[in-house]
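Trainee: Just model-v1.csv, nothing more (CSV, C-alpha atoms and all ligand atoms):
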chain,number,residue,atom,x,y,z
A,11,MET,CA,177.5,71.3,-27.1
A,12,THR,CA,174.3,71.8,-29.2
A,13,THR,CA,175.8,75.0,-30.6
A,14,LEU,CA,179.0,73.2,-31.6
A,15,LEU,CA,176.9,70.5,-33.4
A,16,VAL,CA,174.8,73.1,-35.2
A,17,PHE,CA,178.0,74.8,-36.3
A,18,ILE,CA,179.5,71.6,-37.6
A,19,VAL,CA,176.3,70.8,-39.5
A,20,VAL,CA,176.3,74.3,-41.1
A,21,VAL,CA,179.9,74.0,-42.1
A,22,LEU,CA,179.3,70.5,-43.6
A,23,LEU,CA,176.3,71.8,-45.5
A,24,ALA,CA,178.3,74.7,-46.9
A,25,ILE,CA,181.0,72.2,-48.1
A,26,ALA,CA,178.3,70.0,-49.7
A,27,VAL,CA,176.8,72.9,-51.6
A,28,TRP,CA,180.3,74.0,-52.8
A,29,GLN,CA,181.1,70.4,-54.0
A,30,LEU,CA,177.7,70.2,-55.8
A,31,THR,CA,178.4,73.4,-57.7
A,32,LYS,CA,181.8,72.0,-58.7
A,33,ILE,CA,180.1,68.8,-60.0
A,34,PHE,CA,177.5,70.9,-61.8
A,35,ASP,CA,180.3,73.0,-63.5
A,36,LEU,CA,182.0,69.8,-64.6
A,37,THR,CA,178.8,68.4,-66.2
A,38,GLN,CA,178.5,71.6,-68.2
A,39,ILE,CA,181.9,71.1,-69.9
A,40,GLY,CA,181.4,70.6,-73.6
A,41,ALA,CA,177.8,71.9,-73.4
A,42,ASN,CA,176.9,74.9,-75.4
A,43,VAL,CA,177.1,77.4,-72.5
A,44,ASN,CA,179.0,80.7,-72.0
A,45,ASP,CA,181.9,79.5,-69.8
A,46,THR,CA,183.9,82.7,-70.0
A,47,GLN,CA,185.4,84.1,-66.8
A,48,VAL,CA,184.2,87.6,-67.7
A,49,ALA,CA,180.9,88.5,-66.1
A,50,ASN,CA,178.0,88.9,-68.6
A,51,ASP,CA,174.9,91.1,-68.3
A,52,ASN,CA,173.0,88.2,-66.6
A,53,ASP,CA,175.7,87.8,-64.0
A,54,ASN,CA,175.7,91.5,-63.2
A,55,LYS,CA,171.9,91.6,-63.0
A,56,VAL,CA,171.9,88.7,-60.6
A,57,ASN,CA,174.6,90.3,-58.4
A,58,GLY,CA,172.7,93.7,-58.5
A,59,TYR,CA,169.6,92.0,-57.1
A,60,LEU,CA,171.6,90.1,-54.6
A,61,MET,CA,172.9,93.5,-53.3
A,62,PHE,CA,169.2,94.4,-52.7
A,63,ALA,CA,168.6,91.1,-51.0
A,64,PHE,CA,171.6,91.8,-48.8
A,65,LEU,CA,170.2,95.2,-47.9
A,66,ILE,CA,166.9,93.7,-46.9
A,67,PHE,CA,168.9,91.1,-44.8
A,68,ILE,CA,170.8,93.9,-43.0
A,69,TYR,CA,167.5,95.8,-42.2
A,70,ILE,CA,165.7,92.7,-41.0
A,71,THR,CA,168.7,91.8,-38.8
A,72,THR,CA,168.9,95.3,-37.4
A,73,ILE,CA,165.1,95.4,-36.6
A,74,TRP,CA,165.4,92.0,-35.0
A,75,CYS,CA,168.4,93.1,-32.9
A,76,VAL,CA,166.5,96.2,-31.8
A,77,LEU,CA,163.4,94.3,-30.8
A,78,TYR,CA,165.3,91.6,-28.9
A,79,TYR,CA,168.3,93.5,-27.5
A,80,GLY,CA,167.3,97.1,-27.8
A,81,HIS,CA,165.6,97.2,-24.4
A,82,PHE,CA,168.0,99.2,-22.1
A,83,PRO,CA,165.9,99.9,-19.1
A,84,LEU,CA,168.9,100.8,-17.0
A,85,LEU,CA,170.1,103.4,-19.4
A,86,SER,CA,168.0,106.0,-17.7
A,87,ASP,CA,168.5,104.7,-14.2
A,88,SER,CA,171.9,106.3,-13.4
A,89,ALA,CA,172.5,106.8,-9.7
A,90,SER,CA,174.7,110.0,-9.8
A,91,GLU,CA,174.0,113.7,-10.5
A,92,HIS,CA,176.1,113.7,-13.8
A,93,GLY,CA,174.7,110.3,-14.9
A,94,PRO,CA,171.9,111.7,-17.2
A,95,LEU,CA,174.5,113.8,-19.0
A,96,VAL,CA,176.5,110.7,-19.9
A,97,ASP,CA,173.3,108.7,-20.8
A,98,ASN,CA,172.1,111.5,-23.1
A,99,LEU,CA,175.4,111.5,-24.9
A,100,MET,CA,175.2,107.8,-25.3
A,101,ILE,CA,171.6,108.0,-26.7
A,102,ILE,CA,172.4,110.8,-29.1
A,103,SER,CA,175.4,108.9,-30.4
A,104,LEU,CA,173.3,105.7,-30.9
A,105,VAL,CA,170.5,107.5,-32.7
A,106,LEU,CA,172.9,109.4,-35.0
A,107,ILE,CA,174.8,106.2,-35.9
A,108,PHE,CA,171.5,104.4,-36.5
A,109,PHE,CA,170.1,107.2,-38.7
A,110,VAL,CA,173.3,107.6,-40.8
A,111,GLN,CA,173.9,103.9,-41.2
A,112,THR,CA,170.3,103.3,-42.4
A,113,ILE,CA,170.6,105.9,-45.1
A,114,THR,CA,174.2,105.1,-46.3
A,115,GLN,CA,173.5,101.4,-46.5
A,116,ALA,CA,170.4,102.0,-48.7
A,117,LEU,CA,172.4,104.4,-51.0
A,118,LEU,CA,175.4,102.1,-51.2
A,119,HIS,CA,173.3,99.1,-52.2
A,120,TYR,CA,171.0,101.1,-54.6
A,121,PHE,CA,174.0,102.6,-56.5
A,122,ALA,CA,175.7,99.1,-56.7
A,123,PHE,CA,172.5,97.9,-58.4
A,124,LYS,CA,171.9,101.0,-60.6
A,125,TYR,CA,175.4,101.1,-62.0
A,126,ARG,CA,175.9,97.3,-62.4
A,127,GLY,CA,178.0,96.3,-65.4
A,128,LYS,CA,176.4,96.3,-68.8
A,129,GLN,CA,177.8,95.3,-72.2
A,130,GLY,CA,179.3,98.2,-73.9
A,131,GLN,CA,178.8,100.6,-71.0
A,132,LYS,CA,181.9,102.4,-69.9
A,133,ALA,CA,182.6,104.0,-66.6
A,134,LEU,CA,182.7,107.8,-66.7
A,135,TYR,CA,185.9,109.4,-65.5
A,136,TYR,CA,184.8,112.0,-63.1
A,137,ALA,CA,187.7,113.9,-61.5
A,138,ASP,CA,186.1,116.0,-58.8
A,139,ASN,CA,183.2,118.1,-57.8
A,140,ASN,CA,183.9,120.9,-55.3
A,141,LYS,CA,180.3,121.4,-54.4
A,142,LEU,CA,179.8,117.7,-53.6
A,143,GLU,CA,183.0,117.5,-51.6
A,144,VAL,CA,182.1,120.6,-49.5
A,145,ILE,CA,178.7,119.0,-48.7
A,146,TRP,CA,180.1,115.6,-47.7
A,147,SER,CA,183.0,117.0,-45.7
A,148,SER,CA,181.1,119.8,-43.9
A,149,ILE,CA,178.1,117.7,-42.7
A,150,PRO,CA,180.1,115.1,-40.8
A,151,ALA,CA,182.5,117.8,-39.6
A,152,VAL,CA,179.6,119.8,-38.1
A,153,VAL,CA,177.9,116.7,-36.6
A,154,LEU,CA,181.2,115.4,-35.1
A,155,ALA,CA,182.2,118.8,-33.8
A,156,GLY,CA,178.7,119.0,-32.1
A,157,LEU,CA,179.2,115.6,-30.5
A,158,ILE,CA,182.8,116.4,-29.4
A,159,LEU,CA,181.7,119.8,-27.9
A,160,TYR,CA,178.9,118.2,-26.0
A,161,GLY,CA,181.3,115.5,-24.9
A,162,LEU,CA,183.8,118.1,-23.7
A,163,TYR,CA,181.1,120.0,-21.9
A,164,ALA,CA,180.0,116.8,-20.2
A,165,TRP,CA,183.6,115.9,-19.3
A,166,ASN,CA,184.4,119.3,-17.8
A,167,ASN,CA,181.2,119.2,-15.9
A,168,ILE,CA,182.0,115.9,-14.4
A,169,MET,CA,185.8,116.3,-13.9
A,170,PHE,CA,186.1,119.9,-12.8
A,171,VAL,CA,185.5,120.2,-9.0
A,172,GLU,CA,185.2,123.8,-7.8
A,173,LYS,CA,186.9,125.0,-4.7
A,174,GLU,CA,183.6,125.4,-2.7
A,175,GLN,CA,182.4,122.0,-3.8
A,176,GLU,CA,185.7,120.5,-2.8
A,177,GLN,CA,185.4,121.9,0.8
A,178,ASP,CA,182.0,120.4,1.2
A,179,ALA,CA,182.9,117.0,-0.3
A,180,ILE,CA,184.0,113.7,1.3
A,181,VAL,CA,187.5,112.6,0.3
A,182,ILE,CA,188.0,108.8,-0.1
A,183,GLU,CA,190.9,106.9,-1.5
A,184,LEU,CA,190.4,103.8,-3.6
A,185,TYR,CA,193.5,101.6,-3.4
A,186,ALA,CA,193.8,99.0,-6.1
A,187,GLN,CA,196.0,95.9,-6.0
A,188,GLN,CA,195.9,92.4,-7.6
A,189,PHE,CA,193.0,91.5,-7.0
A,190,LYS,CA,191.2,93.6,-4.5
A,191,TRP,CA,190.1,97.1,-3.6
A,192,GLU,CA,190.4,98.9,-0.3
A,193,ALA,CA,188.9,102.2,0.6
A,194,ARG,CA,190.6,104.7,2.8
A,195,TYR,CA,188.5,107.4,4.4
A,196,SER,CA,190.1,110.8,5.2
A,197,GLY,CA,188.4,111.0,8.6
A,198,PRO,CA,187.0,114.1,10.4
A,199,ASP,CA,189.8,116.4,9.0
A,200,ASN,CA,188.7,115.3,5.4
A,201,VAL,CA,192.4,115.2,4.3
A,202,LEU,CA,194.1,112.0,3.4
A,203,GLY,CA,197.4,111.4,5.0
A,204,LYS,CA,200.5,111.0,2.7
A,205,ALA,CA,201.1,107.4,1.5
A,206,ASN,CA,203.8,105.6,-0.4
A,207,VAL,CA,204.5,101.9,-1.1
A,208,ARG,CA,207.7,102.3,0.9
A,209,TYR,CA,205.7,102.6,4.1
A,210,ILE,CA,203.8,99.3,3.6
A,211,GLU,CA,204.4,97.2,6.7
A,212,GLY,CA,202.3,94.7,8.6
A,213,VAL,CA,198.7,95.9,8.8
A,214,ASN,CA,199.6,99.2,7.2
A,215,ASN,CA,199.0,97.6,3.8
A,216,LEU,CA,198.2,100.9,2.0
A,217,GLY,CA,201.6,102.4,2.9
A,218,VAL,CA,200.2,105.3,4.9
A,219,ASP,CA,202.7,107.6,6.5
A,220,LEU,CA,201.8,107.1,10.1
A,221,ALA,CA,203.8,110.1,11.2
A,222,ASP,CA,201.8,112.5,9.0
A,223,PRO,CA,199.3,114.6,11.1
A,224,ASN,CA,196.7,114.2,8.4
A,225,ALA,CA,196.9,110.4,8.6
A,226,GLN,CA,196.0,110.2,12.3
A,227,ASP,CA,192.2,110.0,11.6
A,228,ASP,CA,192.3,108.0,8.4
A,229,PHE,CA,190.6,104.6,8.5
A,230,THR,CA,190.1,101.8,5.9
A,231,ALA,CA,187.1,99.8,4.9
A,232,SER,CA,186.5,96.8,2.7
A,233,GLU,CA,183.0,97.9,1.8
A,234,LEU,CA,182.5,101.4,0.4
A,235,HIS,CA,179.8,103.3,2.1
A,236,ILE,CA,178.8,106.8,0.8
A,237,PRO,CA,176.0,109.1,1.7
A,238,LYS,CA,173.3,110.1,-0.8
A,239,GLY,CA,173.3,113.7,-2.0
A,240,LYS,CA,176.9,114.5,-0.9
A,241,ARG,CA,179.8,115.0,-3.4
A,242,ILE,CA,182.4,112.3,-3.0
A,243,ILE,CA,186.0,112.9,-4.3
A,244,PHE,CA,187.7,109.6,-5.1
A,245,ARG,CA,191.5,109.6,-5.2
A,246,MET,CA,192.8,106.4,-6.8
A,247,ARG,CA,196.2,104.7,-6.3
A,248,SER,CA,197.5,101.4,-7.5
A,249,GLN,CA,200.0,99.2,-5.8
A,250,ASP,CA,201.1,97.0,-8.7
A,251,VAL,CA,199.7,97.3,-12.3
A,252,LEU,CA,197.2,99.4,-14.2
A,253,HIS,CA,193.7,99.0,-12.8
A,254,SER,CA,190.6,100.9,-13.6
A,255,ALA,CA,188.0,101.9,-11.0
A,256,TYR,CA,184.6,101.4,-12.6
A,257,MET,CA,181.3,102.1,-11.0
A,258,PRO,CA,178.8,101.6,-13.8
A,259,HIS,CA,175.7,102.7,-11.9
A,260,PHE,CA,177.3,106.0,-11.2
A,261,ARG,CA,178.6,106.3,-14.8
A,262,ALA,CA,182.1,106.7,-13.4
A,263,GLN,CA,185.4,105.2,-14.5
A,264,MET,CA,189.1,106.2,-14.0
A,265,ASN,CA,192.4,104.4,-14.4
A,266,CYS,CA,194.4,103.6,-11.3
A,267,VAL,CA,198.1,104.1,-12.3
A,268,PRO,CA,201.0,102.9,-10.1
A,269,GLY,CA,203.1,105.9,-9.0
A,270,MET,CA,200.4,108.6,-9.4
A,271,VAL,CA,197.1,109.6,-7.9
A,272,THR,CA,194.1,110.0,-10.2
A,273,GLN,CA,190.8,111.5,-9.4
A,274,PHE,CA,187.1,111.2,-10.0
A,275,SER,CA,184.1,112.8,-8.3
A,276,PHE,CA,180.4,112.3,-8.3
A,277,THR,CA,177.3,112.9,-6.1
A,278,PRO,CA,175.2,109.8,-5.6
A,279,THR,CA,171.5,110.5,-6.0
A,280,MET,CA,169.9,107.1,-5.1
A,281,THR,CA,170.5,105.0,-2.0
A,282,THR,CA,170.9,101.2,-2.5
A,283,ALA,CA,167.4,100.7,-1.1
A,284,GLU,CA,165.9,103.2,-3.5
A,285,MET,CA,167.7,101.6,-6.5
A,286,ARG,CA,166.3,98.2,-5.5
A,287,GLU,CA,162.8,99.6,-5.7
A,288,ARG,CA,163.1,100.9,-9.3
A,289,PRO,CA,160.8,99.0,-11.6
A,290,ALA,CA,163.7,98.3,-14.1
A,291,MET,CA,165.8,96.9,-11.3
A,292,ILE,CA,163.0,94.8,-9.9
A,293,GLU,CA,162.6,93.3,-13.4
A,294,LYS,CA,166.3,92.7,-13.8
A,295,VAL,CA,166.6,91.0,-10.4
A,296,ALA,CA,163.5,88.9,-11.2
A,297,ASN,CA,165.1,87.8,-14.5
A,298,ILE,CA,168.4,86.9,-12.8
A,299,ASN,CA,166.6,84.9,-10.1
A,300,ALA,CA,164.5,83.0,-12.7
A,301,ILE,CA,167.8,81.9,-14.3
A,302,ARG,CA,169.3,81.0,-10.9
A,303,ALA,CA,166.1,79.0,-10.0
A,304,GLN,CA,166.4,77.0,-13.2
A,305,LYS,CA,170.1,76.3,-12.5
A,306,SER,CA,169.4,75.4,-8.9
A,307,GLN,CA,166.9,72.7,-10.0
A,308,LYS,CA,169.7,71.1,-12.0
A,309,LEU,CA,172.1,71.4,-9.1
A,310,ILE,CA,169.6,69.9,-6.6
A,311,ALA,CA,169.0,67.0,-9.0
A,312,LYS,CA,172.8,66.4,-8.9
A,313,GLY,CA,172.7,66.5,-5.2
A,314,GLU,CA,174.5,69.9,-4.9
A,315,ALA,CA,173.5,73.0,-3.0
A,316,ALA,CA,171.1,75.5,-4.7
A,317,LEU,CA,172.2,79.0,-5.7
A,318,GLU,CA,171.5,81.9,-3.4
A,319,PRO,CA,168.9,84.3,-4.7
A,320,TYR,CA,170.4,87.5,-6.1
A,321,THR,CA,169.9,90.9,-4.4
A,322,PHE,CA,171.1,94.1,-6.1
A,323,ASP,CA,174.1,95.9,-4.8
A,324,TYR,CA,176.2,98.7,-6.4
A,325,LEU,CA,179.6,97.6,-7.3
A,326,LEU,CA,183.1,99.0,-7.8
A,327,LEU,CA,184.7,96.8,-10.5
A,328,CYS,CA,188.1,96.7,-12.1
A,329,ASN,CA,187.8,97.5,-15.8
A,330,LYS,CA,191.4,96.8,-16.9
A,331,ILE,CA,192.5,93.3,-17.5
A,332,CYS,CA,195.1,93.2,-14.7
A,333,GLY,CA,195.8,89.5,-14.2
A,334,ALA,CA,194.3,86.1,-13.7
A,335,SER,CA,191.7,87.0,-11.1
A,336,HIS,CA,190.8,90.4,-12.7
A,337,TYR,CA,187.2,89.2,-13.2
A,338,ASN,CA,186.7,88.9,-9.4
A,339,MET,CA,188.2,92.2,-8.5
A,340,GLN,CA,185.2,94.0,-7.0
A,341,MET,CA,184.0,95.8,-3.9
A,342,LYS,CA,180.5,96.3,-2.7
A,343,VAL,CA,179.3,99.9,-2.7
A,344,VAL,CA,176.5,101.0,-0.3
A,345,VAL,CA,174.8,104.3,-0.8
A,346,ASP,CA,173.3,105.2,2.6
A,347,THR,CA,171.0,107.9,3.7
A,348,PRO,CA,173.0,110.6,5.5
A,349,GLU,CA,171.7,109.3,8.9
A,350,ASP,CA,172.7,105.7,8.2
A,351,TYR,CA,176.1,106.9,6.9
A,352,LYS,CA,176.7,108.7,10.2
A,353,LYS,CA,175.8,105.5,12.1
A,354,TRP,CA,178.2,103.5,9.9
A,355,LEU,CA,181.0,106.0,10.6
A,356,ALA,CA,180.9,105.5,14.3
A,357,ASP,CA,183.6,103.4,16.0
A,358,LYS,CA,185.8,103.0,13.0
A,359,GLN,CA,189.4,102.1,14.1
A,360,THR,CA,192.0,104.4,12.6
A,361,ILE,CA,194.9,102.9,10.7
A,362,VAL,CA,197.3,104.4,13.3
A,363,SER,CA,195.6,102.6,16.2
A,364,ALA,CA,195.2,99.3,14.2
A,365,TYR,CA,198.9,99.4,13.6
A,366,ALA,CA,199.7,100.2,17.2
A,367,ALA,CA,197.5,97.3,18.4
A,368,SER,CA,199.1,94.8,16.0
A,369,LYS,CA,202.6,95.9,17.1
A,370,ALA,CA,201.6,95.5,20.8
A,371,SER,CA,200.3,92.0,20.1
A,372,GLU,CA,203.6,91.1,18.4
A,373,GLU,CA,205.7,92.2,21.4
A,374,PRO,CA,207.9,89.3,22.9
A,375,LYS,CA,205.9,87.2,25.5
A,376,GLU,CA,208.3,87.9,28.5
A,377,ASN,CA,207.6,91.6,28.3
A,378,VAL,CA,203.9,91.0,28.6
A,379,VAL,CA,203.6,87.9,30.8
A,380,PRO,CA,204.8,89.2,34.3
A,381,ALA,CA,201.7,91.4,34.7
A,382,ALA,CA,199.3,88.7,33.6
A,383,VAL,CA,200.8,85.5,35.2
A,384,ASP,CA,200.4,84.8,38.9
A,385,THR,CA,204.0,84.6,40.0
A,386,THR,CA,203.2,83.0,43.4
A,387,LYS,CA,202.4,79.7,41.7
A,388,THR,CA,205.0,79.2,38.9
A,389,THR,CA,207.7,81.2,37.3
A,390,ASN,CA,207.6,82.1,33.6
A,391,THR,CA,210.1,79.4,32.7
A,392,GLU,CA,208.3,76.7,34.8
A,393,ALA,CA,205.1,77.5,33.0
A,394,VAL,CA,206.7,77.0,29.6
A,395,VAL,CA,208.4,73.7,30.7
A,396,ALA,CA,205.0,72.5,32.0
A,397,VAL,CA,203.4,73.2,28.7
A,398,VAL,CA,206.2,71.5,26.7
A,399,THR,CA,206.2,68.3,28.9
A,400,LYS,CA,202.4,68.1,28.7
A,401,LYS,CA,202.7,67.9,24.9
A,501,CU,CU,192.4,95.2,-11.7
Is it possible to express this structure as structure tokens?
Mentor:
Amino acid sequence: MTTLLVFIVVVLLAIAVWQLTKIFDLTQIGANVNDTQVANDNDNKVNGYLMFAFLIFIYITTIWCVLYYGHFPLLSDSASEHGPLVDNLMIISLVLIFFVQTITQALLHYFAFKYRGKQGQKALYYADNNKLEVIWSSIPAVVLAGLILYGLYAWNNIMFVEKEQEQDAIVIELYAQQFKWEARYSGPDNVLGKANVRYIEGVNNLGVDLADPNAQDDFTASELHIPKGKRIIFRMRSQDVLHSAYMPHFRAQMNCVPGMVTQFSFTPTMTTAEMRERPAMIEKVANINAIRAQKSQKLIAKGEAALEPYTFDYLLLCNKICGASHYNMQMKVVVDTPEDYKKWLADKQTIVSAYAASKASEEPKENVVPAAVDTTKTTNTEAVVAVVTKK
């Protein structure tokens, strides 16, 4: 509300200044002033200095932004093996952009001042200069080629999984649908069973081909557990629209496209507990909780329940605007120690057995009841009649 009021005040002030200049112009009519529409030397000089003033404004704004928003403690706290590679690329790009923009802005504004209009001065027609063109074409070309090559190297390093690495990796499917994620683990055989939307039925909501031998040990989870130090290969599918599996702490993102399987792989290097202990994370959590505590005070004053304190968890998010509840499409990711991961794996119900159990519970009552009901007391029909009349 305050922002809106400030905005309205600023707009009204701007209108007032504009109207005042108009009135001032009107008072000058008839006076002995230069009222030509062509800029004179004085106008050009004023504009030349204004260019300098604008340059200083840009620099001050930039320094202010760097001081207030340039603190990226989490930029060096990636939780995957390839993370530092992505972070370096980000830092190099930022530094380059910063350096180039600082110099080019100074040159642009300086030349605008130096070659401001002057009476009797004519612009020089300068067709071309091969030497200059070579310099300003080759420098950006070399710098950009370097960035692209480094980017390609990083991309290949991240995306290319060698055969030996693949045999040692854990294969997990991430299944996207409006608006939730489900993870399917490939089980002890480490091979995901075939799946297709046509097989979706009852509790088999991922459309797994239950007859496929590789699907027999597959199981699903609504919380993604992965062990530290082990390569994970994620295979993504989508049931409905384009989604994007985004795990920012692991510097991983891949589109989930209906009708095809996409892949991403990484090795987690920090357990959830270890990440919670990082100084930058402790600071971030403390900041969030300070804001929550403030909001809670207001809520309590209104007689509402206070906010729960925040604890850090890795997240799998959707990074494609996929519909109304897109913002809430997320799944908790837990990086365990290998021992904890083994414990978590124990007693997981496979999709095949979950499906069989749900089918068994759906079977018609008369097929199940005879074994369970004591037939010496009542018959099946009598029992039903008794229940109905009681109602
Ligand atoms: Cu989505």
Trainee: Give as a short mmCIF file (atom, residue, chain, number, x, y, z; two decimals) with C-alpha atoms, in the frame of the given file each residue that has an atom at most 8 Å from (180.6, 112.3, -6.6) in the file, counting all atoms listed in the file.
Mentor:
data_model
loop_
_atom_site.label_atom_id
_atom_site.label_comp_id
_atom_site.auth_asym_id
_atom_site.auth_seq_id
_atom_site.Cartn_x
_atom_site.Cartn_y
_atom_site.Cartn_z
CA SER A 90 174.70 110.00 -9.80
CA GLU A 91 174.00 113.70 -10.50
CA LYS A 240 176.90 114.50 -0.90
CA ARG A 241 179.80 115.00 -3.40
CA ILE A 242 182.40 112.30 -3.00
CA ILE A 243 186.00 112.90 -4.30
CA PHE A 244 187.70 109.60 -5.10
CA PHE A 274 187.10 111.20 -10.00
CA SER A 275 184.10 112.80 -8.30
CA PHE A 276 180.40 112.30 -8.30
CA THR A 277 177.30 112.90 -6.10
CA PRO A 278 175.20 109.80 -5.60
#
Trainee: Please return as number ranges by chain the residues found within 8 Å of ligand CU 501 (chain A), counting only C-alpha atoms and all ligand atoms.
Mentor: A: 186-190, 251-254, 327-333, 336, 339
Trainee: Smallest atom-to-atom distance to Gly161 of chain A: which of A:Leu234, A:Ile102, A:Ala290, A:Ile33, using all atoms listed in the file?
Mentor: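 Ranking A:Leu234, A:Ile102, A:Ala290, A:Ile33 by distance to Gly161 of chain A, first place goes to A:Ile102.
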Trainee: Hey, what's within 9 Å of Leu325 of chain A if we count only C-alpha atoms and toss same-chain stuff fewer than 6 positions away? As a ChimeraX atom specification, please?
Mentor: /A:256-259,340-344
Trainee: Can you list, as a list in words, every protein, DNA or RNA residue that comes within 12 Å of Gly203 of chain A when you count only C-alpha atoms, leaving out same-chain residues fewer than 4 positions away?
Mentor: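 Non-adjacent residues within range: Val181, Ile182, Glu183, Arg194, Tyr195, Ser196, Gly197, Asp199, Leu216, Gly217, Val218, Asp219, Leu220, Ala221, Asp222, Pro223, Asn224, Ala225, Gln226, Asp227, Asp228, Phe229, Arg245, Thr360, Ile361 and Val362 of chain A.
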Trainee: Report, in Å with one decimal, the straight-line distance from atom CA of Val295 of chain A to atom CA of Gln263 of chain A.
Mentor: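 Interatomic distance, atom CA of Val295 of chain A to atom CA of Gln263 of chain A: 23.9 Å.
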Trainee: To one decimal in Å, tell me the separation between atom CA of Gln249 of chain A and atom CA of Tyr185 of chain A.
Mentor: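 So the answer is 7.3 Å.
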Trainee: Please, which residues are within 7 Å of (173.3, 108.4, -4.4) by the file's coordinates, counting all atoms listed in the file, and could they come as a ChimeraX atom specification?
Mentor: /A:89-90,237-239,277-281,345
Trainee: Counting only C-alpha atoms, which residue out of A:Arg247, A:Leu106, A:Thr230, A:Val21 sits closest to Gly156 of chain A?
Mentor: A:Leu106
Trainee: Rank A:Lys294, A:His119, A:Lys358, A:Arg288 by their smallest atom-to-atom distance to Phe82 of chain A, using all atoms listed in the file, and report the top residue only.
Mentor: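 With all atoms listed in the file as the atom set, the closest residue is A:Lys294.
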Trainee: Mind pulling up the distance from atom CA of Trp165 of chain A to atom CA of Val152 of chain A?
Mentor: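 Atom CA of Trp165 of chain A lies at a distance of 19.6 Å from atom CA of Val152 of chain A.
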Trainee: Taking only C-alpha atoms into account, name the residue in A:Glu143, A:Asp323, A:Asp346, A:Glu176 that is nearest to His235 of chain A.
Mentor: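 Smallest separation from His235 of chain A among the options: A:Asp346.
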Trainee: Rank A:Met246, A:Ala255, A:Ile145, A:Ala122 by their smallest atom-to-atom distance to Tyr59 of chain A, using only C-alpha atoms, and report the top residue only.
Mentor: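 Smallest distance to Tyr59 of chain A is found for A:Ala122.
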Trainee: Give the answer as one residue: which of A:Val16, A:Val144, A:Cys75, A:Met169 has the shortest atom-to-atom distance to Thr272 of chain A, using only C-alpha atoms?
Mentor: A:Met169
Trainee: What's the 8 Å shell around segment 63-66 of chain A, counting only C-alpha atoms, without same-chain residues fewer than 3 positions away, as a PyMOL selection string?
Mentor: chain A and resi 59-60+69-70+115-116+119
Trainee: Would you fill the gaps in segment 239-252 of chain A so it has N, CA and C atoms, then print it as a short mmCIF file (atom, residue, chain, number, x, y, z; two decimals), keeping the file's coordinate frame?
Mentor:
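Ended up saving to part-v4.cif:
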data_model
loop_
_atom_site.label_atom_id
_atom_site.label_comp_id
_atom_site.auth_asym_id
_atom_site.auth_seq_id
_atom_site.Cartn_x
_atom_site.Cartn_y
_atom_site.Cartn_z
N GLY A 239 173.42 112.25 -1.89
CA GLY A 239 173.30 113.70 -2.00
C GLY A 239 174.54 114.48 -1.58
N LYS A 240 175.65 113.79 -1.33
CA LYS A 240 176.90 114.50 -0.90
C LYS A 240 177.95 114.20 -1.97
N ARG A 241 178.70 115.23 -2.37
CA ARG A 241 179.80 115.00 -3.40
C ARG A 241 180.89 114.19 -2.75
N ILE A 242 181.32 113.18 -3.49
CA ILE A 242 182.40 112.30 -3.00
C ILE A 242 183.59 112.56 -4.02
N ILE A 243 184.77 112.82 -3.48
CA ILE A 243 186.00 112.90 -4.30
C ILE A 243 186.76 111.63 -4.11
N PHE A 244 186.92 110.86 -5.17
CA PHE A 244 187.70 109.60 -5.10
C PHE A 244 189.11 109.90 -5.57
N ARG A 245 190.11 109.51 -4.79
CA ARG A 245 191.50 109.60 -5.20
C ARG A 245 191.96 108.15 -5.39
N MET A 246 192.46 107.81 -6.59
CA MET A 246 192.80 106.40 -6.80
C MET A 246 194.33 106.22 -6.85
N ARG A 247 194.77 105.13 -6.22
CA ARG A 247 196.20 104.70 -6.30
C ARG A 247 196.19 103.24 -6.67
N SER A 248 197.31 102.78 -7.23
CA SER A 248 197.50 101.40 -7.50
C SER A 248 198.80 100.90 -6.95
N GLN A 249 198.79 99.67 -6.41
CA GLN A 249 200.00 99.20 -5.80
C GLN A 249 200.94 98.49 -6.85
N ASP A 250 200.32 97.87 -7.88
CA ASP A 250 201.10 97.00 -8.70
C ASP A 250 201.03 97.33 -10.23
N VAL A 251 199.87 97.09 -10.82
CA VAL A 251 199.70 97.30 -12.30
C VAL A 251 198.60 98.28 -12.53
N LEU A 252 198.34 98.53 -13.82
CA LEU A 252 197.20 99.40 -14.20
C LEU A 252 195.89 98.73 -13.81
#
